[in-house]
file run03.cif (mmCIF, C-alpha atoms)
data_my_file
#
loop_
_atom_site.label_atom_id
_atom_site.label_comp_id
_atom_site.auth_asym_id
_atom_site.auth_seq_id
_atom_site.Cartn_x
_atom_site.Cartn_y
_atom_site.Cartn_z
CA MET U 4 -42.41 32.79 -2.33
CA PRO U 5 -39.30 31.65 -4.24
CA MET U 6 -37.16 29.01 -2.53
CA HIS U 7 -33.36 28.93 -2.53
CA ARG U 8 -31.73 25.94 -4.22
CA VAL U 9 -30.61 23.15 -1.94
CA ASP U 10 -28.66 21.33 -4.64
CA CYS U 11 -24.90 21.02 -4.13
CA ALA U 12 -23.25 23.80 -6.14
CA ARG U 13 -20.34 21.51 -7.06
CA CYS U 14 -21.99 18.19 -7.96
CA ASN U 15 -25.71 19.10 -8.15
CA ASP U 16 -26.66 16.54 -5.53
CA PRO U 17 -30.30 17.36 -4.68
CA HIS U 18 -29.92 16.53 -1.00
CA GLU U 19 -27.16 18.81 0.19
CA SER U 20 -26.49 18.90 3.91
CA ILE U 21 -23.60 19.93 6.11
CA MET U 22 -22.41 16.30 5.92
CA HIS U 23 -22.47 16.42 2.14
CA ALA U 24 -20.87 19.86 1.90
CA LEU U 25 -17.92 19.09 4.18
CA ILE U 26 -17.50 15.30 3.92
CA LEU U 27 -19.30 13.45 1.13
CA CYS U 28 -19.32 15.69 -1.96
CA PRO U 29 -16.93 14.07 -4.49
CA PHE U 30 -14.62 17.09 -4.55
CA VAL U 31 -14.54 17.26 -0.75
CA SER U 32 -14.11 13.51 -0.39
CA ARG U 33 -11.04 13.75 -2.62
CA VAL U 34 -9.58 16.49 -0.40
CA TRP U 35 -9.90 14.26 2.67
CA PHE U 36 -8.30 11.36 0.81
CA LEU U 37 -5.37 13.50 -0.35
CA SER U 38 -4.84 14.98 3.11
CA ASP U 39 -2.30 13.64 5.58
CA PHE U 40 -5.10 11.54 7.09
CA CYS U 41 -5.94 9.71 3.80
CA ILE U 42 -9.58 9.36 4.89
CA ASN U 43 -12.01 7.31 2.79
CA THR U 44 -15.26 9.16 3.45
CA HIS U 45 -17.39 6.36 1.97
CA PHE U 46 -17.19 4.67 5.36
CA PHE U 47 -19.31 7.55 6.71
CA LEU U 48 -22.13 7.50 4.14
CA ASN U 49 -24.73 6.64 6.78
CA LYS U 50 -23.28 8.78 9.55
CA THR U 51 -24.19 12.26 10.74
CA PHE U 52 -21.84 15.21 10.91
CA ILE U 53 -21.81 14.97 14.72
CA GLU U 54 -20.83 11.30 14.50
CA TRP U 55 -18.05 12.26 12.06
CA LEU U 56 -16.69 14.84 14.50
CA MET U 57 -16.92 12.50 17.47
CA PHE U 58 -15.14 9.70 15.59
CA TRP U 59 -12.10 11.86 14.80
CA LEU U 60 -12.04 14.21 17.79
CA THR U 61 -13.44 12.46 20.90
CA ASP U 62 -13.83 8.68 20.50
CA HIS U 63 -11.19 6.83 22.50
CA GLY U 64 -10.46 4.24 19.82
CA SER U 65 -10.27 6.50 16.78
CA SER U 66 -9.64 10.11 17.78
CA LEU U 67 -6.65 11.89 16.29
CA PRO U 68 -3.76 13.19 18.43
CA ASP U 69 -4.21 16.77 19.64
CA GLU U 70 -1.93 18.44 17.08
CA ALA U 71 -3.46 16.41 14.25
CA GLN U 72 -6.90 17.55 15.39
CA TYR U 73 -5.87 21.17 14.78
CA PHE U 74 -5.09 20.35 11.16
CA PHE U 75 -8.31 18.34 10.86
CA VAL U 76 -10.34 21.37 11.94
CA THR U 77 -8.50 23.77 9.63
CA ILE U 78 -9.32 21.45 6.70
CA LEU U 79 -13.02 21.78 7.60
CA TRP U 80 -12.64 25.57 7.69
CA SER U 81 -10.77 25.61 4.36
CA LEU U 82 -13.41 23.41 2.72
CA TRP U 83 -16.15 25.78 3.82
CA THR U 84 -14.12 28.74 2.53
CA SER U 85 -13.66 26.96 -0.78
CA LYS U 86 -17.40 26.35 -1.04
CA THR U 87 -18.29 30.00 -0.41
CA ASN U 88 -15.62 31.11 -2.90
CA PHE U 89 -17.19 28.83 -5.49
CA ILE U 90 -20.76 30.00 -4.86
CA PHE U 91 -20.23 33.74 -4.46
CA GLN U 92 -17.10 34.37 -6.57
CA ASN U 93 -17.29 31.50 -9.08
CA LEU U 94 -13.76 30.61 -7.97
CA LYS U 95 -12.94 26.97 -8.71
CA GLU U 96 -10.13 25.92 -6.39
CA THR U 97 -8.07 22.74 -6.64
CA HIS U 98 -7.69 20.13 -3.94
CA VAL U 99 -4.11 21.31 -3.37
CA ILE U 100 -5.19 24.91 -2.75
CA VAL U 101 -7.74 23.78 -0.15
CA LEU U 102 -5.12 21.77 1.74
CA GLU U 103 -2.41 24.43 1.52
CA ARG U 104 -4.80 27.07 2.91
CA ALA U 105 -5.52 24.71 5.82
CA ARG U 106 -1.79 24.26 6.43
CA ALA U 107 -1.21 28.00 6.33
CA MET U 108 -4.01 28.54 8.82
CA LEU U 109 -2.49 25.88 11.08
CA LEU U 110 0.85 27.67 11.09
CA THR U 111 -0.65 30.94 12.31
CA ARG U 112 -0.86 29.41 15.79
CA LYS U 113 2.87 28.61 15.79
CA PRO U 114 4.94 31.82 15.70
CA CYS U 115 8.17 29.83 15.28
CA PHE U 116 7.13 28.81 11.75
CA THR U 117 7.20 30.92 8.62
CA PHE U 118 5.22 30.10 5.50
CA SER U 119 5.46 30.97 1.86
CA PRO U 120 3.76 29.42 -1.17
CA THR U 121 7.07 27.82 -2.22
CA THR U 122 7.95 26.38 1.20
CA PRO U 123 6.96 22.74 1.76
CA VAL U 124 5.13 22.29 5.06
CA ASN U 125 5.24 19.13 7.15
CA LEU U 126 2.46 18.60 9.65
CA CYS U 127 4.77 16.91 12.15
CA ASN U 128 8.37 15.94 12.72
CA LYS U 129 7.67 12.42 13.95
CA TRP U 130 5.87 9.42 12.58
CA MET U 131 2.07 9.70 12.70
CA PRO U 132 -0.27 6.69 12.84
CA PRO U 133 -2.71 6.16 9.96
CA SER U 134 -6.45 6.59 10.16
CA PHE U 135 -8.63 3.72 11.32
CA GLY U 136 -8.86 1.00 8.66
CA TRP U 137 -5.52 1.84 7.07
CA ILE U 138 -2.09 0.24 7.38
CA LYS U 139 0.93 2.50 7.10
CA CYS U 140 4.01 0.85 5.59
CA ASN U 141 7.26 2.74 6.13
CA ILE U 142 10.09 1.62 3.84
CA ASP U 143 13.72 2.50 3.30
CA GLY U 144 16.56 1.32 1.08
CA ALA U 145 20.30 1.71 1.59
CA TYR U 146 23.17 1.31 -0.88
CA ASP U 147 26.93 1.84 -0.63
CA ASP U 148 28.33 3.15 -3.93
CA ILE U 149 31.84 1.88 -3.11
CA THR U 150 31.25 -1.62 -1.73
CA GLY U 151 27.87 -2.33 -3.30
CA ALA U 152 26.50 -3.36 0.10
CA ASN U 153 22.75 -2.82 0.24
CA GLY U 154 19.75 -3.33 2.45
CA ALA U 155 16.07 -2.61 2.56
CA GLY U 156 13.61 -2.54 5.43
CA TYR U 157 9.96 -2.00 6.08
CA VAL U 158 7.55 -1.90 9.01
CA MET U 159 3.74 -2.15 8.87
CA ARG U 160 1.65 -0.38 11.54
CA ASP U 161 -2.04 0.33 12.12
CA PHE U 162 -3.96 3.23 13.69
CA SER U 163 -2.98 2.07 17.19
CA SER U 164 0.71 2.37 16.21
CA LYS U 165 1.21 -1.37 16.72
CA ALA U 166 3.85 -2.89 14.45
CA SER U 167 2.26 -5.95 12.82
CA PHE U 168 5.14 -6.96 10.53
CA CYS U 169 8.78 -6.01 9.96
CA ALA U 170 11.34 -7.13 7.42
CA SER U 171 14.97 -6.53 6.56
CA LEU U 172 15.91 -7.57 3.04
CA VAL U 173 18.94 -7.93 0.79
CA PHE U 174 18.59 -7.65 -2.98
CA GLU U 175 20.91 -7.62 -5.98
CA VAL U 176 20.72 -3.91 -6.74
CA MET U 177 23.02 -1.31 -8.27
CA SER U 178 21.75 1.95 -6.76
CA ALA U 179 19.95 3.49 -3.81
CA GLU U 180 16.91 4.14 -6.02
CA GLU U 181 16.73 0.46 -6.95
CA ALA U 182 16.97 -0.51 -3.25
CA GLU U 183 14.10 1.87 -2.41
CA ALA U 184 11.98 0.52 -5.28
CA ARG U 185 12.65 -3.06 -4.17
CA ALA U 186 11.53 -2.19 -0.63
CA ILE U 187 8.25 -0.77 -1.96
CA TRP U 188 7.83 -3.86 -4.16
CA ALA U 189 8.36 -6.14 -1.15
CA VAL U 190 5.92 -4.38 1.18
CA LEU U 191 3.19 -4.29 -1.48
CA LYS U 192 3.69 -7.99 -2.16
CA LYS U 193 3.35 -8.71 1.57
CA SER U 194 0.24 -6.50 1.76
CA LEU U 195 -1.46 -8.60 -0.92
CA GLU U 196 -0.42 -11.83 0.80
CA GLN U 197 -2.01 -10.57 4.02
CA LYS U 198 -5.15 -9.51 2.10
CA LEU U 199 -4.82 -5.89 3.21
CA THR U 200 -6.91 -3.33 1.33
CA HIS U 201 -5.99 0.25 2.38
CA ILE U 202 -2.25 0.97 2.38
CA ILE U 203 -0.10 4.06 2.84
CA ILE U 204 3.49 3.71 1.61
CA GLU U 205 5.83 6.19 3.31
CA SER U 206 9.43 6.75 2.27
CA ASP U 207 12.09 9.45 2.30
CA ALA U 208 12.91 8.65 -1.35
CA LYS U 209 11.28 11.82 -2.65
CA ASN U 210 11.79 11.26 -6.40
CA ILE U 211 10.31 7.76 -6.43
CA ILE U 212 7.37 8.72 -4.22
CA GLU U 213 6.54 11.73 -6.39
CA GLN U 214 6.78 9.58 -9.52
CA PHE U 215 4.48 6.87 -8.18
CA SER U 216 2.07 9.46 -6.72
CA ALA U 217 1.75 10.94 -10.20
CA GLY U 218 0.90 7.51 -11.61
CA LEU U 219 4.18 7.19 -13.50
CA PHE U 220 5.69 3.71 -13.44
CA ASP U 221 8.36 3.84 -16.15
CA GLY U 222 11.86 3.04 -14.92
CA ASP U 223 15.28 2.49 -16.45
CA VAL U 224 16.70 -0.80 -17.72
CA ARG U 225 17.10 -2.12 -14.14
CA THR U 226 14.02 -0.67 -12.44
CA ASP U 227 11.32 -0.79 -15.13
CA VAL U 228 10.14 -4.32 -14.25
CA ILE U 229 10.09 -3.44 -10.53
CA PHE U 230 8.09 -0.26 -11.22
CA LYS U 231 5.59 -2.18 -13.35
CA ASP U 232 5.14 -4.73 -10.55
CA VAL U 233 4.55 -1.86 -8.10
CA GLN U 234 1.87 -0.54 -10.45
CA LEU U 235 0.25 -3.99 -10.68
CA PHE U 236 0.36 -4.69 -6.95
CA SER U 237 -1.01 -1.26 -6.01
CA SER U 238 -3.86 -1.62 -8.52
CA LYS U 239 -5.05 -4.76 -6.71
CA LEU U 240 -5.60 -2.81 -3.48
CA VAL U 241 -8.74 -0.84 -2.68
CA ALA U 242 -6.53 2.18 -2.00
CA CYS U 243 -2.78 2.75 -2.08
CA VAL U 244 -1.27 6.13 -1.22
CA PHE U 245 2.41 6.99 -1.81
CA ASN U 246 3.55 9.58 0.70
CA PHE U 247 6.91 11.31 1.13
CA GLN U 248 8.19 11.79 4.68
CA PRO U 249 11.60 13.05 5.82
CA ARG U 250 14.08 10.66 7.43
CA ILE U 251 13.09 11.72 10.95
CA CYS U 252 9.58 10.33 10.31
CA ASN U 253 10.97 7.13 8.81
CA SER U 254 13.51 6.07 11.41
CA VAL U 255 12.33 2.48 11.99
CA ALA U 256 12.58 1.50 8.32
CA HIS U 257 15.91 3.32 8.09
CA GLU U 258 17.24 1.35 11.08
CA LEU U 259 16.17 -1.92 9.45
CA ALA U 260 17.80 -1.02 6.12
CA GLN U 261 21.08 -0.02 7.76
CA TRP U 262 21.13 -3.18 9.88
CA THR U 263 20.56 -5.34 6.80
CA LYS U 264 23.32 -3.58 4.86
CA THR U 265 25.75 -4.63 7.58
CA ASP U 266 24.32 -8.04 8.44
CA LYS U 267 23.78 -9.02 4.77
CA SER U 268 20.83 -11.33 5.50
CA SER U 269 17.07 -11.18 5.00
CA MET U 270 14.88 -11.51 8.08
CA TYR U 271 11.13 -11.32 8.79
CA TRP U 272 9.35 -10.63 12.09
CA SER U 273 5.66 -10.71 12.99
CA VAL U 274 6.62 -8.59 16.01
CA PRO U 275 9.59 -6.21 16.16
CA PRO U 276 12.89 -7.77 17.29
CA VAL U 277 14.13 -6.79 20.74
CA TRP U 278 16.89 -4.58 19.39
CA LEU U 279 14.37 -2.63 17.27
CA SER U 280 11.71 -2.16 19.97
CA PRO U 281 13.22 1.03 21.46
CA THR U 282 13.21 2.63 18.01
CA VAL U 283 9.60 1.60 17.37
CA ASP U 284 8.48 2.83 20.80
CA GLY U 285 10.25 6.15 20.35
CA ASN U 286 9.05 6.59 16.78
CA HIS U 287 5.34 5.93 17.18
CA LYS U 288 4.34 8.91 19.28
CA PRO U 289 3.49 11.83 16.98
CA PHE U 290 4.55 15.33 17.85
#

call {"tool": "encode", "arguments": {"input": "run03.cif", "output": "structure tokens"}}
result
Amino acid sequence: MPMHRVDCARCNDPHESIMHALILCPFVSRVWFLSDFCINTHFFLNKTFIEWLMFWLTDHGSSLPDEAQYFFVTILWSLWTSKTNFIFQNLKETHVIVLERARAMLLTRKPCFTFSPTTPVNLCNKWMPPSFGWIKCNIDGAYDDITGANGAGYVMRDFSSKASFCASLVFEVMSAEEAEARAIWAVLKKSLEQKLTHIIIESDAKNIIEQFSAGLFDGDVRTDVIFKDVQLFSSKLVACVFNFQPRICNSVAHELAQWTKTDKSSMYWSVPPVWLSPTVDGNHKPF
């Protein structure tokens, strides 16, 4: 009696399982890494699918917030849909298509949202903690075109939402873009000093984030050296993700940058200063 193939249709792995199909296959692993959760699936090589689900959905120390869990589940559904499309229709989808289908599915449970292929979709309207093992670094730069006053700020937080380091910085810059780039430069430098390995850089500077996400590190006469340093620093990390977030998700870094622009002095804190604590506390609860 002929036997059906058990090889992975995408990568030809001879030991396909539900864990491989939805978590460990190279294509699928890339989807999880590019998702809002930035998950490195290699940490789950010796885990079962049930353990994977429990880690993200039920474990007290690592489970995602409720609304994030909805998106997590729709990614699983979209990955399975992508696999069946590939097998039965020979349809080769991109990572972006898989994630956008998951987002669209998520929005069907929220009648107040509308969705079109050209409408950017944000999972939340507040800051969201990173996955376990990652440090999220929110940065912001501020520049006054008239006075030249500038400031930059960043805050580093882990999966528990705890702020482990904050800084407000003043640089000699000539534009808002240069201030943003300097902030990214500073937080990456600090990440290397602290021997961190998995970093997510979040900023509301959309053009810079999109440029760095695309692997482009060419700047103008003032920013080129900064951009090249950013490229070098990020290459020394195990993983570095550049992620755009709107101002509402980046309020702590924005507060630091605005304070520095007025105060005109650089400061560093291993714990948030008293005046910043209300902003951190109000900013860390997603949804």

call {"tool": "residues_near_point", "arguments": {"input": "run03.cif", "point": "(17.5, -1.5, 1.8)", "cutoff": "6 Å", "atoms": "all atoms listed in the file", "output": "ChimeraX atom specification"}}
result
/U:143-145,153-156,182,260

call {"tool": "write_last_selection", "arguments": {"input": "run03.cif", "atoms": "C-alpha atoms", "output": "PDB file, in the coordinates of the input"}}
result
ATOM      1  CA  ASP U 143      13.720   2.500   3.300  1.00  0.00           C
ATOM      2  CA  GLY U 144      16.560   1.320   1.080  1.00  0.00           C
ATOM      3  CA  ALA U 145      20.300   1.710   1.590  1.00  0.00           C
ATOM      4  CA  ASN U 153      22.750  -2.820   0.240  1.00  0.00           C
ATOM      5  CA  GLY U 154      19.750  -3.330   2.450  1.00  0.00           C
ATOM      6  CA  ALA U 155      16.070  -2.610   2.560  1.00  0.00           C
ATOM      7  CA  GLY U 156      13.610  -2.540   5.430  1.00  0.00           C
ATOM      8  CA  ALA U 182      16.970  -0.510  -3.250  1.00  0.00           C
ATOM      9  CA  ALA U 260      17.800  -1.020   6.120  1.00  0.00           C
TER      10      ALA U 260
END

call {"tool": "atom_distance", "arguments": {"input": "run03.cif", "atom1": "atom CA of Asn49 of chain U", "atom2": "atom CA of Val31 of chain U"}}
result
16.5 Å

call {"tool": "resolve_selection", "arguments": {"input": "run03.cif", "expression": "the PyMOL selection byres ((chain U and resi 178) around 12)", "output": "list of chain:residue names"}}
result
U:Gly144, U:Ala145, U:Tyr146, U:Asp147, U:Asp148, U:Ile149, U:Thr150, U:Gly151, U:Ala152, U:Asn153, U:Gly154, U:Ala155, U:Phe174, U:Glu175, U:Val176, U:Met177, U:Ala179, U:Glu180, U:Glu181, U:Ala182, U:Glu183, U:Ala184, U:Arg185, U:Asp223, U:Arg225, U:Thr226

call {"tool": "atom_distance", "arguments": {"input": "run03.cif", "atom1": "atom CA of Lys139 of chain U", "atom2": "atom CA of Ile204 of chain U"}}
result
6.2 Å

call {"tool": "resolve_selection", "arguments": {"input": "run03.cif", "expression": "the PyMOL selection byres ((chain U and resi 141) around 8)", "output": "VMD selection string"}}
result
chain U and resid 139 to 140 142 to 143 157 to 159 204 to 206 253 255 to 256

call {"tool": "closest_residue", "arguments": {"input": "run03.cif", "among": "U:Val101, U:Ala166, U:Cys243, U:Ala107", "to": "Ser273 of chain U", "atoms": "all atoms listed in the file"}}
result
U:Ala166

call {"tool": "decode", "arguments": {"input": "run03.cif", "residues": "segment 31-42 of chain U", "atoms": "all heavy atoms", "output": "compact mmCIF listing (two decimals), in the first residue's frame"}}
result
# COMPACT_ATOMS: atom_id res chain seq x y z
N VAL U 31 8.43 29.27 8.32
CA VAL U 31 7.53 29.58 9.44
C VAL U 31 8.28 30.30 10.54
O VAL U 31 7.78 31.27 11.13
CB VAL U 31 6.91 28.27 9.97
CG1 VAL U 31 6.10 28.54 11.23
CG2 VAL U 31 6.04 27.63 8.90
N SER U 32 9.49 29.85 10.82
CA SER U 32 10.31 30.49 11.85
C SER U 32 10.53 31.96 11.52
O SER U 32 10.49 32.84 12.40
CB SER U 32 11.65 29.77 11.96
OG SER U 32 12.47 30.37 12.93
N ARG U 33 10.72 32.25 10.24
CA ARG U 33 10.91 33.64 9.81
C ARG U 33 9.65 34.47 10.03
O ARG U 33 9.72 35.65 10.40
CB ARG U 33 11.33 33.67 8.34
CG ARG U 33 11.69 35.05 7.81
CD ARG U 33 12.89 35.63 8.50
NE ARG U 33 13.27 36.93 7.94
CZ ARG U 33 14.09 37.78 8.53
NH1 ARG U 33 14.65 37.48 9.69
NH2 ARG U 33 14.38 38.94 7.96
N VAL U 34 8.49 33.86 9.80
CA VAL U 34 7.22 34.56 10.04
C VAL U 34 7.11 34.97 11.51
O VAL U 34 6.77 36.11 11.83
CB VAL U 34 6.02 33.68 9.64
CG1 VAL U 34 4.71 34.31 10.12
CG2 VAL U 34 5.98 33.49 8.13
N TRP U 35 7.42 34.03 12.42
CA TRP U 35 7.34 34.35 13.84
C TRP U 35 8.33 35.45 14.22
O TRP U 35 8.03 36.32 15.04
CB TRP U 35 7.61 33.10 14.68
CG TRP U 35 6.48 32.13 14.68
CD1 TRP U 35 6.44 30.88 14.13
CD2 TRP U 35 5.18 32.34 15.27
NE1 TRP U 35 5.21 30.30 14.34
CE2 TRP U 35 4.42 31.17 15.03
CE3 TRP U 35 4.60 33.40 15.97
CZ2 TRP U 35 3.10 31.03 15.48
CZ3 TRP U 35 3.29 33.27 16.42
CH2 TRP U 35 2.56 32.10 16.17
N PHE U 36 9.50 35.44 13.60
CA PHE U 36 10.51 36.45 13.91
C PHE U 36 10.08 37.83 13.41
O PHE U 36 10.34 38.85 14.05
CB PHE U 36 11.86 36.06 13.31
CG PHE U 36 12.99 36.96 13.72
CD1 PHE U 36 13.53 36.87 14.99
CD2 PHE U 36 13.50 37.91 12.85
CE1 PHE U 36 14.57 37.70 15.39
CE2 PHE U 36 14.54 38.75 13.24
CZ PHE U 36 15.07 38.63 14.51
N LEU U 37 9.41 37.86 12.26
CA LEU U 37 8.99 39.13 11.68
C LEU U 37 7.68 39.65 12.27
O LEU U 37 7.30 40.79 12.03
CB LEU U 37 8.82 38.99 10.16
CG LEU U 37 10.12 38.74 9.37
CD1 LEU U 37 9.80 38.46 7.90
CD2 LEU U 37 11.06 39.93 9.49
N SER U 38 7.00 38.81 13.05
CA SER U 38 5.75 39.23 13.67
C SER U 38 6.00 40.24 14.77
O SER U 38 7.15 40.52 15.14
CB SER U 38 5.03 38.01 14.26
OG SER U 38 5.68 37.57 15.45
N ASP U 39 4.93 40.79 15.32
CA ASP U 39 5.06 41.76 16.40
C ASP U 39 5.75 41.17 17.62
O ASP U 39 6.26 41.89 18.47
CB ASP U 39 3.67 42.27 16.82
CG ASP U 39 3.03 43.11 15.74
OD1 ASP U 39 3.40 42.94 14.57
OD2 ASP U 39 2.15 43.92 16.06
N PHE U 40 5.76 39.84 17.73
CA PHE U 40 6.34 39.19 18.90
C PHE U 40 7.84 38.92 18.76
O PHE U 40 8.51 38.62 19.74
CB PHE U 40 5.61 37.86 19.17
CG PHE U 40 4.12 38.01 19.19
CD1 PHE U 40 3.32 37.33 18.29
CD2 PHE U 40 3.50 38.86 20.09
CE1 PHE U 40 1.95 37.47 18.29
CE2 PHE U 40 2.12 39.01 20.11
CZ PHE U 40 1.34 38.32 19.20
N CYS U 41 8.36 39.00 17.52
CA CYS U 41 9.80 38.81 17.26
C CYS U 41 10.33 37.55 17.95
O CYS U 41 11.33 37.58 18.65
CB CYS U 41 10.59 40.03 17.74
SG CYS U 41 10.09 41.56 16.98
N ILE U 42 9.66 36.43 17.75
CA ILE U 42 10.01 35.19 18.44
C ILE U 42 11.14 34.47 17.72
O ILE U 42 11.10 34.27 16.51
CB ILE U 42 8.79 34.25 18.53
CG1 ILE U 42 7.70 34.91 19.40
CG2 ILE U 42 9.18 32.90 19.10
CD1 ILE U 42 6.38 34.15 19.39
